[in-house]
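Report on the following structure.
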Amino acid sequence: MLELYHWEPNGASARVMICLEEKGLEYSSHYLDVLAFEQHRPEFLQLSETGEVPVLVHGGAAYTEASYICEFLDEAFPERPLMPADARGRWEVRVWQKYVDDGFSASVSELAWSAYGARALSALAPGELSSALERIPTKERREVWKAAVRGLGEEQLARARVRVEAAAGKIESQLTGSQWLAGSAYSLADIAVFSYFKYLPPLCAGFVSDAATPHAMAWMRAVAARPAVRSALTRGRMADPYVVAAPGPEQIRWG
């Protein structure tokens, strides 16, 4: 039996949950409330030393990192493939997944946290919040959370908007001549991008809209209408998992 440790079906958790649903795989769901810091409990840290979700457990082994989990599932359970059959198509999927992992996910997460995240922690007493932050096991994740709780600065948010606007333009350009992002069929590329793009219409209405990005919006609706996607997005506790957010990955920095 597959087991999945996850939060709300948005962002990285959504990627794996959609993949599982698309492939028709049954799994045991373990919900971790990341805004209550349940991902830092000792028993979960045995599966993920950084305390990050999602984590897939199969055959006694724990698998981390959404891109790699999705590719593992596609290889381990080849029915209903979500990777193209040809080498070029698989390369295109991986390019899109890397694009999400290296920057798009972080930039969208910064905007989503600014809009939705801080108020979700308002019920915690200051001392309780401080103690929870200090229990985060790795310095990198601890600093990301502390920065998010302090409040992301306008300069950082402005950079995130610039990056997201560029990403929206790239996605729109790709979809102008194609129904899907990688090759001629729906794939892990679409799942990876959709899982963050769905945050954007209300957050970035100035440059993600039917007027500004008509092809991307039509694509987003087509993905959202898929039965597997609809099913995955109901497997959290929120009626709409895209009105809540947690601090995302740190921006990739080179040099």
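Ligands are numbered from 1 in the order shown, chains are lettered A, B, ... in the order of the structure tokens, and residues start at 1 in each chain.
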
Point to revise | Nearby residues (only C-alpha atoms) at most 12 Å from Glu128 (chain A), same-chain spacing under 6 positions excluded, as a PyMOL selection string | key: chain A and resi 36-37+121-122+134-135

Point to revise | Non-local contacts of Asp86 (chain A) (12 Å; only C-alpha atoms; under 5 positions in same chain excluded) as a VMD selection string | key: chain A and resid 91 to 93 182 to 185

Could you dump the residues just selected with N, CA and C atoms as a PDB file, in the first residue's frame?
ATOM      1  N   TRP A  91      12.366  14.926 -22.074  1.00  0.00           N
ATOM      2  CA  TRP A  91      13.262  16.060 -21.796  1.00  0.00           C
ATOM      3  C   TRP A  91      12.440  17.326 -21.533  1.00  0.00           C
ATOM      4  N   GLU A  92      11.412  17.571 -22.343  1.00  0.00           N
ATOM      5  CA  GLU A  92      10.585  18.768 -22.170  1.00  0.00           C
ATOM      6  C   GLU A  92       9.890  18.765 -20.811  1.00  0.00           C
ATOM      7  N   VAL A  93       9.388  17.597 -20.405  1.00  0.00           N
ATOM      8  CA  VAL A  93       8.748  17.508 -19.090  1.00  0.00           C
ATOM      9  C   VAL A  93       9.748  17.877 -17.999  1.00  0.00           C
ATOM     10  N   ALA A 182       4.154  20.077 -22.631  1.00  0.00           N
ATOM     11  CA  ALA A 182       5.268  19.258 -23.121  1.00  0.00           C
ATOM     12  C   ALA A 182       4.717  18.196 -24.069  1.00  0.00           C
ATOM     13  N   GLY A 183       4.964  18.372 -25.342  1.00  0.00           N
ATOM     14  CA  GLY A 183       4.479  17.399 -26.305  1.00  0.00           C
ATOM     15  C   GLY A 183       2.986  17.538 -26.564  1.00  0.00           C
ATOM     16  N   SER A 184       2.417  16.481 -27.101  1.00  0.00           N
ATOM     17  CA  SER A 184       1.024  16.537 -27.551  1.00  0.00           C
ATOM     18  C   SER A 184       0.035  16.037 -26.517  1.00  0.00           C
ATOM     19  N   ALA A 185       0.501  15.585 -25.360  1.00  0.00           N
ATOM     20  CA  ALA A 185      -0.398  15.018 -24.357  1.00  0.00           C
ATOM     21  C   ALA A 185      -0.158  15.632 -22.981  1.00  0.00           C
TER      22      ALA A 185
END

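What separates CA of Ala106 (chain A) from CA of Ala160 (chain A) is a distance of 8.2 Å.
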
Point to revise | All helix (DSSP H, G or I) positions in region 118-149 of chain A, as a PyMOL selection string | key: chain A and resi 118-120+126-134+139-149

Could you save those same residues with C-alpha atoms as an mmCIF file, in the first residue's frame?
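Below is the file selection.cif, written as the result:
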data_model
loop_
_atom_site.group_PDB
_atom_site.id
_atom_site.type_symbol
_atom_site.label_atom_id
_atom_site.label_comp_id
_atom_site.auth_asym_id
_atom_site.auth_seq_id
_atom_site.Cartn_x
_atom_site.Cartn_y
_atom_site.Cartn_z
ATOM 1 C CA ALA A 118 0.424 35.174 8.062
ATOM 2 C CA ARG A 119 -3.197 35.373 9.161
ATOM 3 C CA ALA A 120 -3.277 31.581 9.488
ATOM 4 C CA PRO A 126 3.889 34.613 20.352
ATOM 5 C CA GLY A 127 5.764 32.289 22.710
ATOM 6 C CA GLU A 128 4.169 29.215 21.154
ATOM 7 C CA LEU A 129 5.083 30.403 17.665
ATOM 8 C CA SER A 130 8.653 31.204 18.677
ATOM 9 C CA SER A 131 9.097 27.760 20.217
ATOM 10 C CA ALA A 132 7.686 26.078 17.122
ATOM 11 C CA LEU A 133 10.089 27.987 14.875
ATOM 12 C CA GLU A 134 13.079 27.010 16.993
ATOM 13 C CA LYS A 139 18.830 25.965 9.560
ATOM 14 C CA GLU A 140 17.722 26.682 5.985
ATOM 15 C CA ARG A 141 14.060 25.869 6.620
ATOM 16 C CA ARG A 142 14.166 27.600 10.006
ATOM 17 C CA GLU A 143 15.380 30.819 8.377
ATOM 18 C CA VAL A 144 12.751 30.587 5.607
ATOM 19 C CA TRP A 145 9.971 30.253 8.183
ATOM 20 C CA LYS A 146 11.326 33.033 10.387
ATOM 21 C CA ALA A 147 11.564 35.392 7.437
ATOM 22 C CA ALA A 148 8.012 34.540 6.386
ATOM 23 C CA VAL A 149 6.648 35.093 9.891
#

Check your understanding: Got a sec: who's within 8 Å of Gly236 (chain A), counting only C-alpha atoms, leaving out chain neighbours fewer than 6 positions off, as a count of residues only?
Key -> 4

**Study point:** Residue neighbourhood Ala158 (chain A), 10 Å, only C-alpha atoms, exclusion window fewer than 5 positions, as a list in words
**Key:**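 That gives Ser107, Leu111, Gly153, Arg163 and Val164 of chain A.
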
Exercise for review: Tell me, as a list in words, which residues lie within 8 Å of Pro84 (chain A), counting only C-alpha atoms; anything in the same chain fewer than 3 positions away does not count.
Suggested key: Pro81, Ala87, Gly89, Arg90, Gly183, Ala185 and Ser187 of chain A

Write the residues of the preceding selection, restricted to N, CA and C atoms, as a JSON list (two decimals), in the first residue's frame.
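The resulting out_17.json:
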[["chain", "number", "residue", "atom", "x", "y", "z"],
["A", 81, "PRO", "N", 0.41, 6.30, -18.30],
["A", 81, "PRO", "CA", 1.66, 7.07, -18.22],
["A", 81, "PRO", "C", 1.43, 8.57, -18.26],
["A", 87, "ALA", "N", 11.99, 10.45, -26.21],
["A", 87, "ALA", "CA", 13.04, 11.09, -25.42],
["A", 87, "ALA", "C", 12.90, 12.60, -25.40],
["A", 89, "GLY", "N", 10.16, 14.38, -25.65],
["A", 89, "GLY", "CA", 9.05, 14.75, -24.79],
["A", 89, "GLY", "C", 9.40, 14.64, -23.32],
["A", 90, "ARG", "N", 10.13, 13.58, -22.95],
["A", 90, "ARG", "CA", 10.54, 13.42, -21.56],
["A", 90, "ARG", "C", 11.49, 14.54, -21.15],
["A", 183, "GLY", "N", 4.96, 18.37, -25.34],
["A", 183, "GLY", "CA", 4.48, 17.40, -26.30],
["A", 183, "GLY", "C", 2.99, 17.54, -26.56],
["A", 185, "ALA", "N", 0.50, 15.58, -25.36],
["A", 185, "ALA", "CA", -0.40, 15.02, -24.36],
["A", 185, "ALA", "C", -0.16, 15.63, -22.98],
["A", 187, "SER", "N", 0.74, 15.82, -19.21],
["A", 187, "SER", "CA", 1.89, 15.13, -18.60],
["A", 187, "SER", "C", 2.22, 15.71, -17.23]]

Practice item. Would you list the contacts of Gln39 (chain A) as a list in words, taking every protein, DNA or RNA residue within 7 Å and counting only C-alpha atoms, but skipping same-chain residues closer than 6 positions in sequence? Key: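 Selected residues are Leu32, Gly51 and Glu52 of chain A.
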
**Study point:** Residue contacts of Val57 (chain A) (12 Å, only C-alpha atoms) excluding same-chain residues fewer than 6 positions away, as an MDAnalysis selection string
**Key:** chainID A and resid 1:6 27:30 44 46:48 63:64 69 72:73

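Among A:Ser67, A:Ser114, A:Ser209, A:Ser173, the residue with the shortest atom-to-atom distance to Met17 (chain A), counting only C-alpha atoms, is A:Ser67.
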